[in-house]
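Trainee: target_2.pdb (PDB, C-alpha atoms and all ligand atoms) pasted underneath:
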```
MODEL        1
ATOM      1  CA  VAL A   1     -10.850 -20.941  -8.045  1.00  0.00           C
ATOM      2  CA  SER A   2     -10.375 -17.263  -8.817  1.00  0.00           C
ATOM      3  CA  SER A   3      -8.852 -16.355 -12.145  1.00  0.00           C
ATOM      4  CA  SER A   4      -8.363 -12.660 -11.285  1.00  0.00           C
ATOM      5  CA  PRO A   5      -4.983 -11.337 -12.294  1.00  0.00           C
ATOM      6  CA  ARG A   6      -2.436 -11.255  -9.495  1.00  0.00           C
ATOM      7  CA  LEU A   7       0.566  -9.526 -11.054  1.00  0.00           C
ATOM      8  CA  PHE A   8       0.327  -5.756 -11.525  1.00  0.00           C
ATOM      9  CA  SER A   9       2.724  -3.071 -12.755  1.00  0.00           C
ATOM     10  CA  PHE A  10       2.631   0.514 -11.570  1.00  0.00           C
ATOM     11  CA  ILE A  11       4.275   2.529 -14.317  1.00  0.00           C
ATOM     12  CA  GLY A  12       5.395   6.082 -13.662  1.00  0.00           C
ATOM     13  CA  GLY A  13       5.739   8.185 -16.805  1.00  0.00           C
ATOM     14  CA  THR A  14       3.609  10.293 -19.098  1.00  0.00           C
ATOM     15  CA  ALA A  15       0.727   7.866 -19.647  1.00  0.00           C
ATOM     16  CA  GLY A  16      -2.050   6.381 -17.561  1.00  0.00           C
ATOM     17  CA  SER A  17      -5.336   7.303 -15.971  1.00  0.00           C
ATOM     18  CA  TRP A  18      -3.866   8.782 -12.774  1.00  0.00           C
ATOM     19  CA  CYS A  19      -2.165  12.199 -12.576  1.00  0.00           C
ATOM     20  CA  VAL A  20       0.583  12.517  -9.990  1.00  0.00           C
ATOM     21  CA  THR A  21      -0.088  15.416  -7.588  1.00  0.00           C
ATOM     22  CA  ALA A  22       2.810  14.835  -5.162  1.00  0.00           C
ATOM     23  CA  VAL A  23       5.756  12.549  -4.515  1.00  0.00           C
ATOM     24  CA  HIS A  24       6.899  12.643  -0.884  1.00  0.00           C
ATOM     25  CA  GLU A  25      10.118  11.007   0.119  1.00  0.00           C
ATOM     26  CA  VAL A  26       9.367   9.470   3.517  1.00  0.00           C
ATOM     27  CA  ILE A  27      12.543   7.452   4.159  1.00  0.00           C
ATOM     28  CA  GLY A  28      15.307   6.147   1.921  1.00  0.00           C
ATOM     29  CA  GLU A  29      15.745   6.760  -1.770  1.00  0.00           C
ATOM     30  CA  THR A  30      12.779   8.457  -3.440  1.00  0.00           C
ATOM     31  CA  LEU A  31      11.345   7.830  -6.915  1.00  0.00           C
ATOM     32  CA  PRO A  32      11.810  10.195  -9.876  1.00  0.00           C
ATOM     33  CA  ILE A  33       8.908  12.595 -10.206  1.00  0.00           C
ATOM     34  CA  VAL A  34       6.586  11.732 -13.079  1.00  0.00           C
ATOM     35  CA  ALA A  35       3.390  13.258 -14.473  1.00  0.00           C
ATOM     36  CA  ARG A  36       1.241  10.156 -14.744  1.00  0.00           C
ATOM     37  CA  LEU A  37       0.787   6.685 -13.376  1.00  0.00           C
ATOM     38  CA  GLN A  38      -0.495   3.703 -15.290  1.00  0.00           C
ATOM     39  CA  VAL A  39      -1.725   0.636 -13.437  1.00  0.00           C
ATOM     40  CA  ALA A  40      -1.371  -2.371 -15.727  1.00  0.00           C
ATOM     41  CA  VAL A  41      -2.105  -6.052 -15.413  1.00  0.00           C
ATOM     42  CA  ASN A  42       1.024  -8.210 -15.745  1.00  0.00           C
ATOM     43  CA  ASP A  43       4.529  -7.148 -16.516  1.00  0.00           C
ATOM     44  CA  VAL A  44       4.097  -5.038 -19.632  1.00  0.00           C
ATOM     45  CA  PRO A  45       6.691  -3.319 -21.813  1.00  0.00           C
ATOM     46  CA  HIS A  46       6.648   0.373 -20.993  1.00  0.00           C
ATOM     47  CA  ALA A  47       8.229   3.712 -21.835  1.00  0.00           C
ATOM     48  CA  GLY A  48       7.926   5.110 -18.322  1.00  0.00           C
ATOM     49  CA  ALA A  49      10.639   6.433 -16.032  1.00  0.00           C
ATOM     50  CA  TRP A  50       9.995   3.550 -13.651  1.00  0.00           C
ATOM     51  CA  SER A  51       7.858   0.465 -13.208  1.00  0.00           C
ATOM     52  CA  LEU A  52       7.127  -1.312  -9.941  1.00  0.00           C
ATOM     53  CA  ARG A  53       5.746  -4.842  -9.905  1.00  0.00           C
ATOM     54  CA  GLY A  54       3.692  -6.478  -7.208  1.00  0.00           C
ATOM     55  CA  ILE A  55       1.490  -9.510  -6.706  1.00  0.00           C
ATOM     56  CA  SER A  56      -1.679  -9.770  -4.685  1.00  0.00           C
ATOM     57  CA  SER A  57      -1.302 -12.719  -2.369  1.00  0.00           C
ATOM     58  CA  ASN A  58      -2.788 -14.577   0.567  1.00  0.00           C
ATOM     59  CA  ASP A  59      -3.043 -12.840   3.928  1.00  0.00           C
ATOM     60  CA  ARG A  60      -0.072 -13.299   6.222  1.00  0.00           C
ATOM     61  CA  TYR A  61      -1.238 -11.878   9.537  1.00  0.00           C
ATOM     62  CA  VAL A  62      -5.004 -11.528   9.812  1.00  0.00           C
ATOM     63  CA  ILE A  63      -6.853 -13.882  12.112  1.00  0.00           C
ATOM     64  CA  ARG A  64     -10.388 -15.098  11.365  1.00  0.00           C
ATOM     65  CA  GLU A  65     -12.113 -12.480  13.512  1.00  0.00           C
ATOM     66  CA  GLU A  66     -10.250  -9.680  11.726  1.00  0.00           C
ATOM     67  CA  LYS A  67     -10.801 -11.172   8.288  1.00  0.00           C
ATOM     68  CA  THR A  68     -14.540 -11.325   8.901  1.00  0.00           C
ATOM     69  CA  ALA A  69     -14.644  -7.800  10.328  1.00  0.00           C
ATOM     70  CA  LEU A  70     -12.610  -6.423   7.399  1.00  0.00           C
ATOM     71  CA  ALA A  71     -14.808  -8.189   4.848  1.00  0.00           C
ATOM     72  CA  SER A  72     -17.950  -6.710   6.369  1.00  0.00           C
ATOM     73  CA  LYS A  73     -16.612  -3.146   6.385  1.00  0.00           C
ATOM     74  CA  GLN A  74     -14.292  -2.700   3.433  1.00  0.00           C
ATOM     75  CA  GLU A  75     -15.277  -1.587  -0.060  1.00  0.00           C
ATOM     76  CA  GLY A  76     -13.538  -2.364  -3.333  1.00  0.00           C
ATOM     77  CA  LEU A  77     -11.426  -0.229  -5.624  1.00  0.00           C
ATOM     78  CA  GLY A  78     -12.921   1.748  -8.474  1.00  0.00           C
ATOM     79  CA  ARG A  79     -15.708   3.629  -6.660  1.00  0.00           C
ATOM     80  CA  SER A  80     -16.769   6.601  -8.777  1.00  0.00           C
ATOM     81  CA  ASP A  81     -16.332   9.172  -5.986  1.00  0.00           C
ATOM     82  CA  SER A  82     -12.857   7.874  -5.071  1.00  0.00           C
ATOM     83  CA  ILE A  83     -11.021  10.209  -7.414  1.00  0.00           C
ATOM     84  CA  LEU A  84      -7.937  10.369  -5.199  1.00  0.00           C
ATOM     85  CA  ALA A  85      -5.385   7.609  -4.693  1.00  0.00           C
ATOM     86  CA  ALA A  86      -2.075   6.937  -3.002  1.00  0.00           C
ATOM     87  CA  LEU A  87       0.631   4.531  -4.101  1.00  0.00           C
ATOM     88  CA  ILE A  88       2.957   3.937  -1.160  1.00  0.00           C
ATOM     89  CA  PRO A  89       5.807   1.512  -1.927  1.00  0.00           C
ATOM     90  CA  ILE A  90       7.472   0.230   1.233  1.00  0.00           C
ATOM     91  CA  ARG A  91      10.583  -1.793   2.014  1.00  0.00           C
ATOM     92  CA  LYS A  92      11.241  -3.324   5.431  1.00  0.00           C
ATOM     93  CA  THR A  93      14.649  -3.911   7.006  1.00  0.00           C
ATOM     94  CA  PRO A  94      16.612  -7.173   6.832  1.00  0.00           C
ATOM     95  CA  GLY A  95      15.992  -7.381  10.608  1.00  0.00           C
ATOM     96  CA  TRP A  96      12.226  -7.563  10.018  1.00  0.00           C
ATOM     97  CA  TRP A  97      12.657 -10.455   7.615  1.00  0.00           C
ATOM     98  CA  LEU A  98      14.833 -12.347  10.083  1.00  0.00           C
ATOM     99  CA  LEU A  99      11.987 -12.377  12.622  1.00  0.00           C
ATOM    100  CA  THR A 100       9.590 -15.289  12.866  1.00  0.00           C
ATOM    101  CA  GLN A 101       5.972 -15.023  11.767  1.00  0.00           C
ATOM    102  CA  ASP A 102       4.724 -14.787  15.376  1.00  0.00           C
ATOM    103  CA  GLU A 103       7.263 -12.079  16.209  1.00  0.00           C
ATOM    104  CA  ARG A 104       6.187 -10.055  13.168  1.00  0.00           C
ATOM    105  CA  ARG A 105       2.509 -10.475  13.976  1.00  0.00           C
ATOM    106  CA  ASP A 106       3.222  -9.276  17.526  1.00  0.00           C
ATOM    107  CA  ILE A 107       4.838  -6.057  16.242  1.00  0.00           C
ATOM    108  CA  PHE A 108       2.269  -5.567  13.468  1.00  0.00           C
ATOM    109  CA  GLU A 109      -0.866  -5.924  15.576  1.00  0.00           C
ATOM    110  CA  ALA A 110      -0.262  -6.366  19.331  1.00  0.00           C
ATOM    111  CA  GLN A 111       2.195  -3.471  19.433  1.00  0.00           C
ATOM    112  CA  SER A 112       1.162  -1.332  16.457  1.00  0.00           C
ATOM    113  CA  HIS A 113      -2.587  -2.099  16.111  1.00  0.00           C
ATOM    114  CA  HIS A 114      -2.254  -1.808  12.334  1.00  0.00           C
ATOM    115  CA  ILE A 115      -5.558  -3.577  11.661  1.00  0.00           C
ATOM    116  CA  ARG A 116      -7.468  -2.128  14.623  1.00  0.00           C
ATOM    117  CA  VAL A 117      -6.424   1.407  13.645  1.00  0.00           C
ATOM    118  CA  GLY A 118      -6.882   0.852   9.904  1.00  0.00           C
ATOM    119  CA  MET A 119     -10.400  -0.551  10.411  1.00  0.00           C
ATOM    120  CA  GLN A 120     -11.514   2.829  11.757  1.00  0.00           C
ATOM    121  CA  TYR A 121     -10.910   4.304   8.298  1.00  0.00           C
ATOM    122  CA  LEU A 122     -13.113   1.826   6.470  1.00  0.00           C
ATOM    123  CA  PRO A 123     -15.047   1.988   4.255  1.00  0.00           C
ATOM    124  CA  ALA A 124     -13.853   5.531   3.392  1.00  0.00           C
ATOM    125  CA  ILE A 125     -10.458   4.226   2.335  1.00  0.00           C
ATOM    126  CA  ALA A 126     -10.353   1.324  -0.135  1.00  0.00           C
ATOM    127  CA  ARG A 127      -7.071  -0.586  -0.078  1.00  0.00           C
ATOM    128  CA  LYS A 128      -5.043  -3.185  -1.919  1.00  0.00           C
ATOM    129  CA  LEU A 129      -1.753  -4.736  -0.891  1.00  0.00           C
ATOM    130  CA  HIS A 130       0.756  -6.096  -3.392  1.00  0.00           C
ATOM    131  CA  HIS A 131       3.795  -8.170  -2.424  1.00  0.00           C
ATOM    132  CA  CYS A 132       7.087  -7.788  -4.317  1.00  0.00           C
ATOM    133  CA  ARG A 133       9.621  -9.721  -2.308  1.00  0.00           C
ATOM    134  CA  ASP A 134       9.128 -13.119  -3.901  1.00  0.00           C
ATOM    135  CA  LEU A 135       9.235 -11.826  -7.497  1.00  0.00           C
ATOM    136  CA  SER A 136      13.025 -11.547  -7.605  1.00  0.00           C
ATOM    137  CA  PRO A 137      15.952 -10.722  -5.330  1.00  0.00           C
ATOM    138  CA  HIS A 138      16.182  -7.281  -6.985  1.00  0.00           C
ATOM    139  CA  GLU A 139      12.801  -5.699  -6.347  1.00  0.00           C
ATOM    140  CA  PRO A 140      13.235  -2.145  -5.020  1.00  0.00           C
ATOM    141  CA  PHE A 141      10.381  -2.511  -2.484  1.00  0.00           C
ATOM    142  CA  ASP A 142       8.796  -5.308  -0.457  1.00  0.00           C
ATOM    143  CA  PHE A 143       5.235  -4.001  -0.767  1.00  0.00           C
ATOM    144  CA  LEU A 144       3.222  -1.736  -3.029  1.00  0.00           C
ATOM    145  CA  THR A 145       0.281  -0.387  -1.076  1.00  0.00           C
ATOM    146  CA  TRP A 146      -2.607   1.264  -2.941  1.00  0.00           C
ATOM    147  CA  PHE A 147      -5.453   3.333  -1.514  1.00  0.00           C
ATOM    148  CA  GLU A 148      -8.463   5.097  -3.069  1.00  0.00           C
ATOM    149  CA  TYR A 149     -10.676   7.695  -1.421  1.00  0.00           C
ATOM    150  CA  ALA A 150     -12.883  10.733  -2.011  1.00  0.00           C
ATOM    151  CA  PRO A 151     -11.545  14.291  -1.523  1.00  0.00           C
ATOM    152  CA  THR A 152     -13.668  14.584   1.651  1.00  0.00           C
ATOM    153  CA  ASP A 153     -11.635  11.722   3.183  1.00  0.00           C
ATOM    154  CA  ALA A 154      -8.197  13.017   2.217  1.00  0.00           C
ATOM    155  CA  ALA A 155      -7.549  14.527   5.660  1.00  0.00           C
ATOM    156  CA  ALA A 156      -8.560  11.276   7.367  1.00  0.00           C
ATOM    157  CA  PHE A 157      -6.179   9.342   5.124  1.00  0.00           C
ATOM    158  CA  ASP A 158      -3.324  11.726   5.998  1.00  0.00           C
ATOM    159  CA  GLU A 159      -4.091  11.206   9.676  1.00  0.00           C
ATOM    160  CA  LEU A 160      -4.049   7.395   9.286  1.00  0.00           C
ATOM    161  CA  VAL A 161      -0.701   7.491   7.511  1.00  0.00           C
ATOM    162  CA  ARG A 162       0.702   9.735  10.260  1.00  0.00           C
ATOM    163  CA  VAL A 163      -0.485   7.382  13.005  1.00  0.00           C
ATOM    164  CA  LEU A 164       0.916   4.272  11.297  1.00  0.00           C
ATOM    165  CA  ARG A 165       4.283   5.934  10.680  1.00  0.00           C
ATOM    166  CA  THR A 166       4.756   6.522  14.415  1.00  0.00           C
ATOM    167  CA  SER A 167       3.974   2.862  15.273  1.00  0.00           C
ATOM    168  CA  PRO A 168       6.613   0.272  16.274  1.00  0.00           C
ATOM    169  CA  GLU A 169       6.046  -1.490  12.926  1.00  0.00           C
ATOM    170  CA  TRP A 170       7.430   1.526  11.075  1.00  0.00           C
ATOM    171  CA  ALA A 171      10.773   1.267  12.909  1.00  0.00           C
ATOM    172  CA  TYR A 172      11.322  -1.607  10.452  1.00  0.00           C
ATOM    173  CA  VAL A 173      10.590   0.483   7.349  1.00  0.00           C
ATOM    174  CA  ASP A 174      13.793   1.594   5.622  1.00  0.00           C
ATOM    175  CA  ARG A 175      12.409   2.814   2.309  1.00  0.00           C
ATOM    176  CA  GLU A 176       9.057   4.471   1.726  1.00  0.00           C
ATOM    177  CA  VAL A 177       7.795   6.820  -0.972  1.00  0.00           C
ATOM    178  CA  ASP A 178       4.336   8.397  -0.854  1.00  0.00           C
ATOM    179  CA  VAL A 179       2.878   9.081  -4.324  1.00  0.00           C
ATOM    180  CA  ARG A 180      -0.442  10.935  -4.400  1.00  0.00           C
ATOM    181  CA  LEU A 181      -2.730  10.851  -7.407  1.00  0.00           C
ATOM    182  CA  ILE A 182      -5.923  12.175  -8.874  1.00  0.00           C
ATOM    183  CA  LYS A 183      -7.964  10.516 -11.608  1.00  0.00           C
ATOM    184  CA  ALA A 184      -7.096  12.077 -14.951  1.00  0.00           C
ATOM    185  CA  GLY A 185      -9.605  14.545 -16.304  1.00  0.00           C
ATOM    186  CA  GLU A 186     -11.142  15.272 -12.933  1.00  0.00           C
ATOM    187  CA  SER A 187      -8.619  17.654 -11.418  1.00  0.00           C
ATOM    188  CA  SER A 188     -10.863  20.657 -12.092  1.00  0.00           C
ATOM    189  CA  GLU A 189     -13.340  19.251  -9.586  1.00  0.00           C
ATOM    190  CA  HIS A 190     -10.778  19.140  -6.808  1.00  0.00           C
TER     191      HIS A 190
HETATM  192  C1  LIG B   1      -7.025   1.894   5.248  1.00  0.00           C
HETATM  193  C2  LIG B   1      -6.868   1.209   6.381  1.00  0.00           C
HETATM  194  C3  LIG B   1      -5.968   0.024   6.467  1.00  0.00           C
HETATM  195  C4  LIG B   1      -6.332  -1.238   6.779  1.00  0.00           C
HETATM  196  C5  LIG B   1      -7.725  -1.704   7.175  1.00  0.00           C
HETATM  197  C6  LIG B   1      -5.154  -2.052   6.684  1.00  0.00           C
HETATM  198  C7  LIG B   1      -5.143  -3.411   6.907  1.00  0.00           C
HETATM  199  C8  LIG B   1      -4.070  -4.243   6.684  1.00  0.00           C
HETATM  200  C9  LIG B   1      -4.084  -5.664   6.874  1.00  0.00           C
HETATM  201  C10 LIG B   1      -5.284  -6.481   7.315  1.00  0.00           C
HETATM  202  C11 LIG B   1      -2.860  -6.123   6.557  1.00  0.00           C
HETATM  203  C12 LIG B   1      -2.336  -7.554   6.701  1.00  0.00           C
HETATM  204  C13 LIG B   1      -2.624  -8.442   5.530  1.00  0.00           C
HETATM  205  C14 LIG B   1      -2.067  -9.827   5.869  1.00  0.00           C
HETATM  206  O1  LIG B   1      -2.616 -10.494   6.759  1.00  0.00           O
HETATM  207  O2  LIG B   1      -1.067 -10.207   5.252  1.00  0.00           O
HETATM  208  C15 LIG B   1      -2.059  -4.992   6.156  1.00  0.00           C
HETATM  209  C16 LIG B   1      -0.755  -5.061   5.721  1.00  0.00           C
HETATM  210  C17 LIG B   1      -0.015  -3.975   5.350  1.00  0.00           C
HETATM  211  N1  LIG B   1      -0.407  -2.655   5.337  1.00  0.00           N
HETATM  212 FE1  LIG B   1      -2.193  -1.951   5.924  1.00  0.00          FE
HETATM  213  N2  LIG B   1      -4.076  -1.288   6.321  1.00  0.00           N
HETATM  214  C18 LIG B   1      -4.522  -0.014   6.166  1.00  0.00           C
HETATM  215  C19 LIG B   1      -3.753   1.079   5.812  1.00  0.00           C
HETATM  216  C20 LIG B   1      -2.407   1.048   5.512  1.00  0.00           C
HETATM  217  C21 LIG B   1      -1.618   2.199   5.148  1.00  0.00           C
HETATM  218  C22 LIG B   1      -2.134   3.642   5.077  1.00  0.00           C
HETATM  219  C23 LIG B   1      -0.367   1.743   4.856  1.00  0.00           C
HETATM  220  C24 LIG B   1       0.864   2.513   4.406  1.00  0.00           C
HETATM  221  C25 LIG B   1       1.125   3.753   4.777  1.00  0.00           C
HETATM  222  C26 LIG B   1      -0.381   0.307   5.042  1.00  0.00           C
HETATM  223  C27 LIG B   1       0.680  -0.525   4.810  1.00  0.00           C
HETATM  224  C28 LIG B   1       0.652  -1.902   4.928  1.00  0.00           C
HETATM  225  C29 LIG B   1       1.777  -2.754   4.651  1.00  0.00           C
HETATM  226  C30 LIG B   1       3.156  -2.326   4.166  1.00  0.00           C
HETATM  227  C31 LIG B   1       1.357  -4.053   4.907  1.00  0.00           C
HETATM  228  C32 LIG B   1       2.199  -5.328   4.791  1.00  0.00           C
HETATM  229  C33 LIG B   1       2.852  -5.584   6.118  1.00  0.00           C
HETATM  230  C34 LIG B   1       3.692  -6.812   6.149  1.00  0.00           C
HETATM  231  O3  LIG B   1       3.291  -7.843   5.584  1.00  0.00           O
HETATM  232  O4  LIG B   1       4.771  -6.747   6.764  1.00  0.00           O
HETATM  233  N3  LIG B   1      -1.627  -0.075   5.454  1.00  0.00           N
HETATM  234  N4  LIG B   1      -2.823  -3.859   6.245  1.00  0.00           N
ENDMDL
END
```
What would the structure in this file look like if it were written as structure tokens?

Mentor:
Amino acid sequence: VSSSPRLFSFIGGTAGSWCVTAVHEVIGETLPIVARLQVAVNDVPHAGAWSLRGISSNDRYVIREEKTALASKQEGLGRSDSILAALIPIRKTPGWWLLTQDERRDIFEAQSHHIRVGMQYLPAIARKLHHCRDLSPHEPFDFLTWFEYAPTDAAAFDELVRVLRTSPEWAYVDREVDVRLIKAGESSEH
């Protein structure tokens, strides 16, 4: 049984080990621009402008074949050359949540190839998905997605994000903010 923490807070403010380089409003209400981002375990008191909470959870859509393929190709967070990161909070429409699991899987993979496309960017991009929806009825997003990569893979990451945003799955996204970050103290190298 894993005892790794599951609840994380992403706190936008003036503290933390990530410097915010850009906040792009993709669709829906954006987030206030902040200088720094702190990633904290649990739901901690904070002095930031905003705090987003998410929990890592079980997979919802992957099938065995994909899970095995992902596990063999993906790398974890915290690699020393991955000095860039993206926090992309996403909310999906009420219509998405009214669908059944098989209908959502069909849109997510059969129609949008989310996993097949995403796999092509591994191991360059390290990823972590956090779920928000079950925390409370008032969470501002459904998912907090987190990615880490080296400056040499920044263009590839931009391309991936562009491809996903034109997929049928993204027709169900009604709020998305794209926050780009660089590890504090390393901006002179970029
Ligand atoms: C780096 C390559 C990527 C890979 C390999 C990948 C893979 C996956 C996988 C396997 C899942 C499903 C997990 C499950 O079964 O529940 C997933 C979910 C998700 N991914 Fe990605 N992904 C990638 C990039 C991205 C990017 C760039 C974004 C945002 C722009 C994104 C947003 C999401 C969201 C929002 C979900 C949750 C979907 C839902 O449950 O409705 N992913 N991803």

Trainee: Excluding A:Ala69 and any residue of its chain fewer than 5 positions from it, enumerate the residues within 12 Å of it, using only C-alpha atoms, and give them as a PyMOL selection string.

Mentor: chain A and resi 62-64+74+115-116+118-120+122-123

Trainee: Rounded to one decimal place, report the atom CA of A:Val179-atom CA of A:Ala49 distance in Å.

Mentor: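 Computing it gives 14.3 Å between the two atoms.
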
Trainee: From the list A:Ile107, A:Leu52, A:Ala35, A:Ala126, which residue is nearest A:Phe10 when using all atoms listed in the file?

Mentor: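 Between A:Ile107, A:Leu52, A:Ala35, A:Ala126, the residue approaching A:Phe10 most closely is A:Leu52.
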
Trainee: Starting from the point (4.1, 3.4, -4.8), work out which residues of protein, DNA or RNA have an atom no more than 10 Å away when counting only C-alpha atoms; state them as a list in words.

Mentor: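 Returned residue set, sorted by chain then number, is Phe10, Ile11, Gly12, Val23, Leu31, Leu37, Ser51, Leu52, Arg53, Ala86, Leu87, Ile88, Pro89, Ile90, Phe141, Phe143, Leu144, Thr145, Trp146, Glu176, Val177, Asp178, Val179 and Arg180 of chain A.
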
Trainee: With a distance cut-off of 12 Å and only C-alpha atoms, select the neighbouring residues of A:His114, excluding the residue or stretch itself and same-chain residues fewer than 6 positions from it, and output the selection as a list in words.

Mentor: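 Once the adjacent positions are removed, what remains is Tyr61, Val62, Glu66, Arg104, Arg105, Asp106, Ile107, Phe108, Gln120, Tyr121, Leu160, Val161, Val163, Leu164, Arg165, Thr166, Ser167, Pro168, Glu169 and Trp170 of chain A.
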